[in-house]
file model-v8.txt (compact mmCIF, C-alpha atoms and all ligand atoms)
# COMPACT_ATOMS: atom_id res chain seq x y z
CA MET H 667 0.32 -24.09 11.02
CA SER H 668 -3.18 -23.40 9.72
CA HIS H 669 -3.91 -22.13 13.24
CA VAL H 670 -1.58 -19.13 12.94
CA ASP H 671 -3.74 -16.03 13.27
CA LEU H 672 -2.90 -13.40 10.66
CA THR H 673 -5.73 -11.09 11.64
CA ARG H 674 -4.92 -7.89 13.46
CA THR H 675 -7.09 -5.40 15.26
CA PHE H 676 -5.98 -1.80 15.57
CA THR H 677 -7.61 1.30 16.99
CA PHE H 678 -6.35 4.40 15.23
CA ARG H 679 -4.95 7.37 17.08
CA ASN H 680 -6.82 10.21 15.42
CA SER H 681 -9.92 8.72 13.83
CA LYS H 682 -10.56 6.50 16.91
CA GLN H 683 -11.90 3.90 14.47
CA THR H 684 -11.14 0.21 14.88
CA TYR H 685 -9.80 -2.02 12.11
CA THR H 686 -9.86 -5.81 11.95
CA GLY H 687 -8.36 -7.75 9.03
CA ILE H 688 -5.24 -9.22 7.49
CA PRO H 689 -3.14 -6.07 7.14
CA ILE H 690 -1.96 -6.47 3.55
CA ILE H 691 -2.91 -3.63 1.20
CA VAL H 692 -3.08 -3.58 -2.59
CA ALA H 693 -1.28 -0.42 -3.79
CA ASN H 694 -3.31 2.52 -5.11
CA MET H 695 -1.89 2.07 -8.62
CA ASP H 696 -4.32 2.06 -11.54
CA THR H 697 -3.17 -1.40 -12.68
CA VAL H 698 -3.69 -3.21 -9.35
CA GLY H 699 -5.80 -0.98 -7.06
CA THR H 700 -9.00 -1.88 -8.89
CA PHE H 701 -12.56 -2.64 -7.78
CA GLU H 702 -12.20 -6.19 -9.17
CA MET H 703 -9.16 -6.69 -6.94
CA ALA H 704 -11.00 -5.30 -3.91
CA VAL H 705 -13.80 -7.84 -4.28
CA VAL H 706 -11.35 -10.76 -3.95
CA MET H 707 -9.25 -9.10 -1.24
CA ALA H 708 -12.30 -8.36 0.92
CA LYS H 709 -13.16 -12.08 0.96
CA HIS H 710 -9.86 -12.63 2.76
CA ALA H 711 -10.31 -9.55 4.97
CA MET H 712 -7.41 -7.97 3.07
CA PHE H 713 -7.36 -4.32 2.07
CA THR H 714 -7.33 -2.40 -1.22
CA ALA H 715 -6.29 1.23 -1.67
CA ILE H 716 -8.46 1.97 -4.69
CA HIS H 717 -6.67 4.17 -7.22
CA LYS H 718 -7.78 7.77 -7.63
CA HIS H 719 -8.79 7.63 -11.29
CA TYR H 720 -12.27 6.10 -10.92
CA SER H 721 -15.16 8.50 -11.40
CA LEU H 722 -17.82 9.14 -8.78
CA GLU H 723 -20.30 7.20 -10.94
CA GLU H 724 -17.99 4.16 -11.03
CA TRP H 725 -17.60 4.35 -7.26
CA LYS H 726 -21.37 4.50 -6.77
CA LEU H 727 -21.86 1.43 -8.92
CA PHE H 728 -19.18 -0.47 -7.01
CA ALA H 729 -20.68 0.53 -3.66
CA ALA H 730 -24.16 -0.56 -4.76
CA ASN H 731 -22.97 -3.95 -6.05
CA HIS H 732 -20.43 -4.74 -3.35
CA PRO H 733 -21.40 -3.06 -0.09
CA GLU H 734 -19.58 -5.84 1.82
CA CYS H 735 -16.23 -4.64 0.41
CA LEU H 736 -16.43 -1.07 1.63
CA GLU H 737 -14.94 -1.70 5.07
CA HIS H 738 -11.79 -3.02 3.35
CA VAL H 739 -11.09 -0.18 0.91
CA ALA H 740 -9.64 3.31 0.96
CA ALA H 741 -10.38 6.11 -1.48
CA SER H 742 -7.14 7.70 -2.69
CA SER H 743 -6.17 11.27 -3.43
CA GLY H 744 -3.14 13.35 -4.25
CA SER H 745 -2.72 16.78 -2.69
CA GLY H 746 -4.24 18.83 -5.51
CA LYS H 747 -7.61 20.61 -5.39
CA ALA H 748 -9.25 18.53 -8.12
CA ASP H 749 -8.28 15.34 -6.29
CA LEU H 750 -9.61 16.62 -2.98
CA ASP H 751 -12.90 17.71 -4.58
CA LYS H 752 -13.37 14.26 -6.07
CA LEU H 753 -12.44 12.54 -2.81
CA THR H 754 -14.96 14.71 -0.96
CA SER H 755 -17.73 13.87 -3.41
CA ILE H 756 -16.98 10.12 -3.12
CA LEU H 757 -16.92 10.15 0.69
CA GLU H 758 -20.10 12.22 0.89
CA ALA H 759 -21.92 9.92 -1.54
CA ILE H 760 -20.72 6.67 0.07
CA PRO H 761 -20.61 7.03 3.89
CA PRO H 762 -19.48 3.41 4.60
CA ILE H 763 -16.03 4.23 3.18
CA ARG H 764 -13.97 4.91 6.28
CA TYR H 765 -10.44 5.12 4.89
CA ILE H 766 -8.62 7.82 2.96
CA CYS H 767 -5.23 7.28 1.31
CA LEU H 768 -3.34 10.54 0.74
CA ASP H 769 -0.46 9.73 -1.53
CA VAL H 770 2.29 11.97 -2.85
CA ALA H 771 5.70 10.93 -4.19
CA ASN H 772 7.44 13.12 -1.63
CA GLY H 773 5.81 13.68 1.74
CA TYR H 774 8.50 16.16 2.79
CA SER H 775 6.73 19.44 2.13
CA GLU H 776 4.91 22.02 4.16
CA HIS H 777 2.15 21.93 1.56
CA PHE H 778 1.56 18.24 2.27
CA VAL H 779 1.50 18.75 6.05
CA THR H 780 -1.06 21.56 5.64
CA PHE H 781 -3.03 19.35 3.26
CA VAL H 782 -3.16 16.49 5.79
CA LYS H 783 -4.37 18.94 8.46
CA SER H 784 -7.13 20.23 6.20
CA VAL H 785 -8.30 16.72 5.27
CA ARG H 786 -8.38 15.83 8.99
CA ALA H 787 -10.50 18.91 9.65
CA LEU H 788 -12.89 17.98 6.82
CA PHE H 789 -13.15 14.32 7.85
CA PRO H 790 -12.68 14.04 11.61
CA ASN H 791 -13.81 10.41 11.81
CA HIS H 792 -12.15 8.88 8.77
CA THR H 793 -8.92 6.93 9.10
CA ILE H 794 -6.23 8.74 7.13
CA MET H 795 -3.25 7.02 5.53
CA ALA H 796 -0.61 9.50 4.40
CA GLY H 797 2.82 9.42 2.78
CA ASN H 798 5.32 8.69 1.53
CA VAL H 799 8.11 9.39 3.98
CA VAL H 800 11.05 7.41 5.37
CA THR H 801 12.17 9.03 8.63
CA GLY H 802 10.87 9.09 12.18
CA GLU H 803 10.56 12.88 12.49
CA MET H 804 8.31 13.14 9.46
CA VAL H 805 6.22 10.20 10.63
CA GLU H 806 5.67 12.05 13.89
CA GLU H 807 4.84 15.32 12.17
CA LEU H 808 2.23 13.69 9.92
CA ILE H 809 0.64 11.83 12.84
CA LEU H 810 0.48 15.03 14.87
CA SER H 811 -1.07 16.71 11.82
CA GLY H 812 -3.95 14.24 11.85
CA ALA H 813 -2.83 11.17 9.90
CA ASP H 814 -3.40 7.75 11.47
CA ILE H 815 -1.27 5.44 9.32
CA ILE H 816 1.93 6.63 7.66
CA LYS H 817 3.02 5.21 4.33
CA VAL H 818 6.75 4.49 4.46
CA GLY H 819 8.95 4.04 1.40
CA ILE H 820 10.84 6.24 -1.03
CA GLY H 821 12.60 4.42 -3.81
CA PRO H 822 11.99 0.71 -3.14
CA GLY H 823 9.09 0.09 -5.58
CA SER H 824 9.47 -2.56 -8.28
CA VAL H 825 8.64 -0.05 -11.03
CA CYS H 826 10.14 2.96 -9.29
CA THR H 827 13.17 4.68 -10.78
CA THR H 828 13.54 7.45 -8.19
CA ARG H 829 16.88 6.12 -6.93
CA ILE H 830 18.28 5.91 -10.45
CA LYS H 831 16.90 9.20 -11.73
CA THR H 832 17.48 11.29 -8.63
CA GLY H 833 19.77 9.47 -6.20
CA VAL H 834 17.07 9.89 -3.55
CA GLY H 835 15.89 6.96 -1.46
CA TYR H 836 16.24 5.13 1.84
CA PRO H 837 16.87 1.44 2.50
CA GLN H 838 13.38 0.07 3.11
CA LEU H 839 14.15 -2.22 6.03
CA SER H 840 15.89 0.56 7.96
CA ALA H 841 13.06 2.96 7.14
CA VAL H 842 10.46 0.54 8.47
CA ILE H 843 12.38 -0.22 11.67
CA GLU H 844 12.90 3.48 12.43
CA CYS H 845 9.46 4.72 11.37
CA ALA H 846 7.62 1.95 13.25
CA ASP H 847 9.26 3.03 16.50
CA SER H 848 8.34 6.67 15.95
CA ALA H 849 4.76 5.86 15.00
CA HIS H 850 4.16 3.39 17.80
CA GLY H 851 5.52 5.85 20.35
CA LEU H 852 2.61 8.11 19.41
CA LYS H 853 0.11 5.26 19.08
CA GLY H 854 0.20 5.71 15.31
CA HIS H 855 0.67 3.02 12.68
CA ILE H 856 2.74 2.52 9.54
CA ILE H 857 2.49 0.84 6.17
CA SER H 858 5.64 -0.56 4.61
CA ASP H 859 5.08 0.46 0.99
CA GLY H 860 7.11 -1.05 -1.85
CA GLY H 861 10.00 -3.40 -2.38
CA CYS H 862 8.40 -6.77 -1.60
CA SER H 863 8.89 -9.31 -4.36
CA CYS H 864 8.10 -12.57 -2.55
CA PRO H 865 6.13 -13.72 0.53
CA GLY H 866 9.38 -13.78 2.55
CA ASP H 867 9.77 -10.02 1.98
CA VAL H 868 6.25 -9.44 3.31
CA ALA H 869 7.16 -11.43 6.43
CA LYS H 870 10.33 -9.36 6.86
CA ALA H 871 8.36 -6.11 6.64
CA PHE H 872 6.02 -7.29 9.39
CA GLY H 873 8.99 -8.61 11.34
CA ALA H 874 10.60 -5.15 11.12
CA GLY H 875 7.55 -3.60 12.76
CA ALA H 876 5.23 -2.66 9.91
CA ASP H 877 1.56 -2.73 10.90
CA PHE H 878 0.48 -3.01 7.26
CA VAL H 879 2.35 -4.02 4.10
CA MET H 880 1.43 -2.51 0.73
CA LEU H 881 2.12 -4.47 -2.46
CA GLY H 882 2.06 -3.43 -6.11
CA GLY H 883 4.21 -5.73 -8.23
CA MET H 884 3.30 -8.91 -6.38
CA PHE H 885 -0.36 -8.35 -7.31
CA ALA H 886 0.37 -7.35 -10.93
CA GLY H 887 -0.42 -9.58 -13.92
CA HIS H 888 -3.67 -11.07 -12.61
CA ASP H 889 -7.21 -11.25 -14.02
CA GLN H 890 -8.33 -8.63 -11.48
CA CYS H 891 -5.77 -6.08 -12.76
CA ALA H 892 -6.59 -3.42 -15.33
CA GLY H 893 -5.33 -3.92 -18.89
CA GLU H 894 -5.45 -6.56 -21.57
CA ILE H 895 -3.63 -9.87 -21.69
CA ILE H 896 -0.99 -9.52 -24.44
CA GLU H 897 0.50 -12.46 -26.37
CA LYS H 898 4.26 -12.00 -26.78
CA ASN H 899 6.46 -14.72 -28.35
CA GLY H 900 3.96 -17.37 -27.32
CA LYS H 901 3.81 -16.06 -23.74
CA LYS H 902 0.97 -14.18 -22.07
CA VAL H 903 1.86 -10.93 -20.31
CA LYS H 904 0.14 -7.89 -18.79
CA LEU H 905 1.47 -4.35 -18.52
CA PHE H 906 2.41 -2.98 -15.10
CA TYR H 907 3.71 0.55 -14.67
CA GLY H 908 4.59 3.15 -12.06
CA MET H 909 2.07 5.89 -11.40
CA SER H 910 4.55 8.51 -12.58
CA SER H 911 5.76 6.50 -15.58
CA ASP H 912 5.27 7.81 -19.12
CA THR H 913 2.48 5.26 -19.55
CA ALA H 914 0.50 6.54 -16.54
CA MET H 915 1.17 10.18 -17.39
CA LYS H 916 -0.04 9.75 -20.95
CA LYS H 917 -3.13 7.96 -19.73
CA HIS H 918 -4.12 10.37 -16.99
CA ALA H 919 -2.32 13.67 -17.36
CA GLY H 920 -1.66 14.12 -21.06
CA GLY H 921 2.09 13.44 -20.94
CA VAL H 922 4.91 13.92 -18.44
CA ALA H 923 5.46 17.55 -17.52
CA GLU H 924 8.78 18.71 -18.92
CA TYR H 925 10.24 19.94 -15.66
CA ARG H 926 9.72 16.62 -13.97
CA ALA H 927 11.54 13.41 -14.81
CA SER H 928 9.29 10.40 -15.05
CA GLU H 929 10.17 8.27 -12.06
CA GLY H 930 8.43 5.07 -12.97
CA ARG H 931 8.94 2.37 -15.52
CA THR H 932 6.64 0.21 -17.57
CA VAL H 933 7.17 -3.54 -17.48
CA GLU H 934 5.54 -6.61 -18.93
CA VAL H 935 4.79 -9.11 -16.19
CA PRO H 936 3.85 -12.74 -16.87
CA TYR H 937 0.09 -13.31 -16.85
CA LYS H 938 -0.68 -15.05 -13.56
CA GLY H 939 -4.44 -15.81 -13.77
CA ASP H 940 -6.69 -15.42 -10.74
CA VAL H 941 -5.17 -13.44 -7.85
CA GLU H 942 -6.66 -15.97 -5.42
CA LEU H 943 -3.67 -18.31 -5.85
CA THR H 944 -1.19 -15.49 -5.20
CA ILE H 945 -3.10 -14.52 -2.06
CA LEU H 946 -2.96 -18.09 -0.78
CA ASP H 947 0.77 -18.21 -1.55
CA ILE H 948 1.43 -15.02 0.43
CA LEU H 949 -0.75 -16.03 3.38
CA GLY H 950 0.73 -19.54 3.39
CA GLY H 951 4.25 -18.09 3.45
CA LEU H 952 3.40 -15.73 6.29
CA ARG H 953 1.83 -18.48 8.38
CA SER H 954 4.92 -20.57 7.83
CA THR H 955 7.20 -17.68 8.90
CA CYS H 956 5.21 -17.39 12.11
CA THR H 957 5.55 -21.12 12.72
CA TYR H 958 9.34 -21.02 12.18
CA VAL H 959 9.84 -18.25 14.72
CA GLY H 960 7.25 -19.51 17.17
CA ALA H 961 4.66 -16.76 16.75
CA ALA H 962 1.08 -17.96 17.26
CA LYS H 963 -0.20 -14.69 15.78
CA LEU H 964 1.03 -12.13 13.27
CA LYS H 965 0.93 -9.68 16.17
CA GLU H 966 3.84 -11.54 17.81
CA LEU H 967 6.02 -11.70 14.71
CA SER H 968 8.02 -8.51 15.24
CA ARG H 969 8.81 -9.51 18.82
CA ARG H 970 10.22 -12.79 17.53
CA THR H 971 12.27 -11.33 14.69
CA THR H 972 16.00 -10.65 14.67
CA PHE H 973 17.75 -9.30 11.60
CA ILE H 974 21.36 -10.30 11.02
CA ARG H 975 23.56 -8.16 8.83
CA VAL H 976 24.90 -10.37 6.06
CA THR H 977 28.14 -9.07 4.62
CA GLN H 978 29.49 -10.08 1.23
CA GLN H 979 31.79 -12.50 3.02
CA HIS H 980 28.89 -14.06 4.89
CA SER H 981 26.79 -14.40 1.79
CA GLN H 982 29.60 -16.27 0.05
CA VAL H 983 29.80 -18.67 2.98
CA PHE H 984 26.03 -19.19 3.01
CA SER H 985 25.45 -19.51 -0.72
P1 LIG R 1001 6.06 -2.64 -5.33
O1 LIG R 1001 5.18 -3.45 -4.42
O2 LIG R 1001 5.65 -2.79 -6.77
O3 LIG R 1001 7.52 -2.92 -5.10
O4 LIG R 1001 5.86 -1.11 -4.93
C1 LIG R 1001 4.61 -0.47 -4.98
C2 LIG R 1001 4.79 0.98 -4.59
O5 LIG R 1001 5.66 1.66 -5.52
C3 LIG R 1001 3.55 1.83 -4.63
O6 LIG R 1001 2.68 1.60 -3.56
C4 LIG R 1001 4.12 3.24 -4.65
O7 LIG R 1001 4.48 3.69 -3.37
C5 LIG R 1001 5.39 3.06 -5.47
N1 LIG R 1001 5.20 3.56 -6.84
C6 LIG R 1001 4.19 3.31 -7.69
N2 LIG R 1001 4.38 3.95 -8.87
C7 LIG R 1001 5.53 4.62 -8.75
C8 LIG R 1001 6.26 5.50 -9.64
O8 LIG R 1001 5.90 5.73 -10.79
N3 LIG R 1001 7.39 6.05 -9.14
C9 LIG R 1001 7.83 5.79 -7.88
N4 LIG R 1001 8.94 6.39 -7.45
N5 LIG R 1001 7.18 4.94 -7.03
C10 LIG R 1001 6.05 4.38 -7.46

call {"tool": "encode", "arguments": {"input": "model-v8.txt", "output": "structure tokens"}}
result
Amino acid sequence: MSHVDLTRTFTFRNSKQTYTGIPIIVANMDTVGTFEMAVVMAKHAMFTAIHKHYSLEEWKLFAANHPECLEHVAASSGSGKADLDKLTSILEAIPPIRYICLDVANGYSEHFVTFVKSVRALFPNHTIMAGNVVTGEMVEELILSGADIIKVGIGPGSVCTTRIKTGVGYPQLSAVIECADSAHGLKGHIISDGGCSCPGDVAKAFGAGADFVMLGGMFAGHDQCAGEIIEKNGKKVKLFYGMSSDTAMKKHAGGVAEYRASEGRTVEVPYKGDVELTILDILGGLRSTCTYVGAAKLKELSRRTTFIRVTQQHSQVFS
């Protein structure tokens, strides 16, 4: 089992850059997408989408102290001008950063498509991740607009309340299956973003055709996350919150804008210590999945995966 190869190599459609690593990405949330997290992830050839709230000075310090991590991180940005200016200054100051993560809550807008095109024009050789969307047509449009890897997921996140507040969302497994086909048809790639709460879910995302899997909640609560350890009724916890929760808005944007419902919640997650153990748990689970289905490499997993619809009746029989 220890021989199962979880490393993948991809060449990206638009940037023409090549990636090699274990394609699990820490989400660009300010609690988990930290420099401290990236240092540990890079040791395992895993990836971190660094959140967009670090200053240029903090980035420079990180790059000077941990040059070995830079091939496994992306710098993140929303679609606003201030974000793009900061992203530009970071990428100009630190050339070894090769990945950009363009993240908006709703990738279905002409503004976002135009934004992706302009970032591609500014950075012809960087690999661009962009999202979030959940349908094949939009995956194709973003790839044709210059993105390399499309972030797929609206509504599945552990601290996301979009489905409850707005009724908008798409079942994550279906989204991944459909979007992977569209992306791969154009030689693009996808990230399944959100909704994994155990190593088995990560395996299912890869099995469904995701090239990368992005995790927020599963990496929350560790030493490498931002925030203090809080003692509550004799138990240690850390705060984890959505990037459009009240907590994040108060921290970064001076409160939630009135016209916009906050679509993220704040939760206390049990303190889990060093993230190293969680990483080993996830990688161990994935290797075991591959062994069960007879895949010698992660690359083969989706070809050896079949999903079976389990109805209520079935689940009663099986439970
Ligand atoms: P998780 O792994 O915790 O299930 O999901 C992580 C993903 O949730 C993130 O990568 C991001 O796409 C999404 N997310 C993070 N914060 C928020 C938020 O405040 N609102 C919504 N709707 N989604 C969020």

call {"tool": "residues_around", "arguments": {"input": "model-v8.txt", "residues": "Met712 in chain H", "least_positions_apart": "5", "cutoff": "8 Å", "atoms": "only C-alpha atoms", "output": "mmCIF file with C-alpha atoms, in the frame of the given file"}}
result
data_model
loop_
_atom_site.group_PDB
_atom_site.id
_atom_site.type_symbol
_atom_site.label_atom_id
_atom_site.label_comp_id
_atom_site.auth_asym_id
_atom_site.auth_seq_id
_atom_site.Cartn_x
_atom_site.Cartn_y
_atom_site.Cartn_z
ATOM 1 C CA GLY H 687 -8.360 -7.750 9.030
ATOM 2 C CA ILE H 688 -5.240 -9.220 7.490
ATOM 3 C CA PRO H 689 -3.140 -6.070 7.140
ATOM 4 C CA ILE H 690 -1.960 -6.470 3.550
ATOM 5 C CA ILE H 691 -2.910 -3.630 1.200
ATOM 6 C CA MET H 707 -9.250 -9.100 -1.240
ATOM 7 C CA HIS H 738 -11.790 -3.020 3.350
#

call {"tool": "closest_atom_pairs", "arguments": {"input": "model-v8.txt", "of": "chain H", "to": "ligand LIG 1001 (chain R)", "cutoff": "6 Å", "atoms": "all atoms listed in the file", "output": "CSV"}}
result
residue,atom,partner,partner_atom,distance
H:Ala693,CA,R:LIG1001,O6,4.5
H:Gly821,CA,R:LIG1001,N4,5.5
H:Gly823,CA,R:LIG1001,O3,3.4
H:Ser824,CA,R:LIG1001,O3,3.7
H:Val825,CA,R:LIG1001,O2,5.9
H:Cys826,CA,R:LIG1001,C9,3.9
H:Thr827,CA,R:LIG1001,N4,5.6
H:Thr828,CA,R:LIG1001,N4,4.8
H:Asp859,CA,R:LIG1001,O6,5.3
H:Gly860,CA,R:LIG1001,O4,3.3
H:Gly861,CA,R:LIG1001,O3,3.7
H:Cys862,CA,R:LIG1001,O3,5.3
H:Leu881,CA,R:LIG1001,O1,3.8
H:Gly882,CA,R:LIG1001,O1,3.5
H:Gly883,CA,R:LIG1001,O2,3.6
H:Gly908,CA,R:LIG1001,O8,3.2
H:Met909,CA,R:LIG1001,O8,3.9
H:Ser910,CA,R:LIG1001,O8,3.6
H:Ser911,CA,R:LIG1001,O8,4.9
H:Glu929,CA,R:LIG1001,N3,4.6
H:Gly930,CA,R:LIG1001,O8,3.4

call {"tool": "atom_distance", "arguments": {"input": "model-v8.txt", "atom1": "CA of Thr793 in chain H", "atom2": "CA of Phe713 in chain H"}}
result
13.4 Å

call {"tool": "atom_distance", "arguments": {"input": "model-v8.txt", "atom1": "CA of Lys752 in chain H", "atom2": "CA of Leu722 in chain H"}}
result
7.3 Å

call {"tool": "closest_residue", "arguments": {"input": "model-v8.txt", "among": "H:Val842, H:Leu808, H:Leu788, H:Val706", "to": "Cys891 in chain H", "atoms": "all atoms listed in the file"}}
result
H:Val706

call {"tool": "build_atoms", "arguments": {"input": "model-v8.txt", "residues": "range 821-830 of chain H", "atoms": "all heavy atoms", "output": "tab-separated table (two decimals), keeping the file's coordinate frame"}}
result
chain	number	residue	atom	x	y	z
H	821	GLY	N	11.61	5.09	-2.98
H	821	GLY	CA	12.60	4.42	-3.81
H	821	GLY	C	12.59	2.91	-3.93
H	821	GLY	O	13.25	2.38	-4.81
H	822	PRO	N	11.83	2.17	-3.06
H	822	PRO	CA	11.99	0.71	-3.14
H	822	PRO	C	11.08	0.02	-4.17
H	822	PRO	O	11.26	-1.16	-4.43
H	822	PRO	CB	11.58	0.26	-1.74
H	822	PRO	CG	10.53	1.22	-1.33
H	822	PRO	CD	10.94	2.54	-1.92
H	823	GLY	N	10.12	0.73	-4.74
H	823	GLY	CA	9.09	0.09	-5.58
H	823	GLY	C	9.67	-0.65	-6.78
H	823	GLY	O	10.71	-0.26	-7.33
H	824	SER	N	8.97	-1.71	-7.18
H	824	SER	CA	9.47	-2.56	-8.28
H	824	SER	C	9.50	-1.81	-9.62
H	824	SER	O	10.28	-2.15	-10.49
H	824	SER	CB	8.60	-3.81	-8.41
H	824	SER	OG	7.26	-3.45	-8.66
H	825	VAL	N	8.62	-0.81	-9.78
H	825	VAL	CA	8.64	-0.05	-11.03
H	825	VAL	C	9.03	1.41	-10.79
H	825	VAL	O	8.70	2.31	-11.56
H	825	VAL	CB	7.29	-0.12	-11.79
H	825	VAL	CG1	7.14	-1.47	-12.47
H	825	VAL	CG2	6.11	0.13	-10.85
H	826	CYS	N	9.72	1.62	-9.67
H	826	CYS	CA	10.14	2.96	-9.29
H	826	CYS	C	11.56	3.20	-9.77
H	826	CYS	O	12.42	2.33	-9.64
H	826	CYS	CB	10.06	3.04	-7.76
H	826	CYS	SG	10.99	4.36	-7.05
H	827	THR	N	11.80	4.37	-10.32
H	827	THR	CA	13.17	4.68	-10.78
H	827	THR	C	13.74	5.90	-10.05
H	827	THR	O	14.71	6.50	-10.48
H	827	THR	CB	13.18	4.96	-12.31
H	827	THR	OG1	12.24	6.00	-12.58
H	827	THR	CG2	12.82	3.73	-13.11
H	828	THR	N	13.11	6.26	-8.93
H	828	THR	CA	13.54	7.45	-8.19
H	828	THR	C	15.03	7.39	-7.82
H	828	THR	O	15.76	8.37	-7.97
H	828	THR	CB	12.69	7.62	-6.91
H	828	THR	OG1	11.32	7.72	-7.30
H	828	THR	CG2	13.08	8.85	-6.11
H	829	ARG	N	15.48	6.23	-7.35
H	829	ARG	CA	16.88	6.12	-6.93
H	829	ARG	C	17.82	6.33	-8.11
H	829	ARG	O	18.87	6.95	-7.98
H	829	ARG	CB	17.14	4.77	-6.28
H	829	ARG	CG	16.52	4.67	-4.90
H	829	ARG	CD	16.66	3.29	-4.31
H	829	ARG	NE	15.92	3.24	-3.05
H	829	ARG	CZ	15.63	2.14	-2.39
H	829	ARG	NH1	16.01	0.97	-2.85
H	829	ARG	NH2	14.97	2.21	-1.26
H	830	ILE	N	17.42	5.81	-9.26
H	830	ILE	CA	18.28	5.91	-10.45
H	830	ILE	C	18.24	7.32	-11.03
H	830	ILE	O	19.25	7.91	-11.35
H	830	ILE	CB	17.81	4.89	-11.52
H	830	ILE	CG1	17.94	3.48	-10.97
H	830	ILE	CG2	18.60	5.04	-12.81
H	830	ILE	CD1	17.09	2.47	-11.68
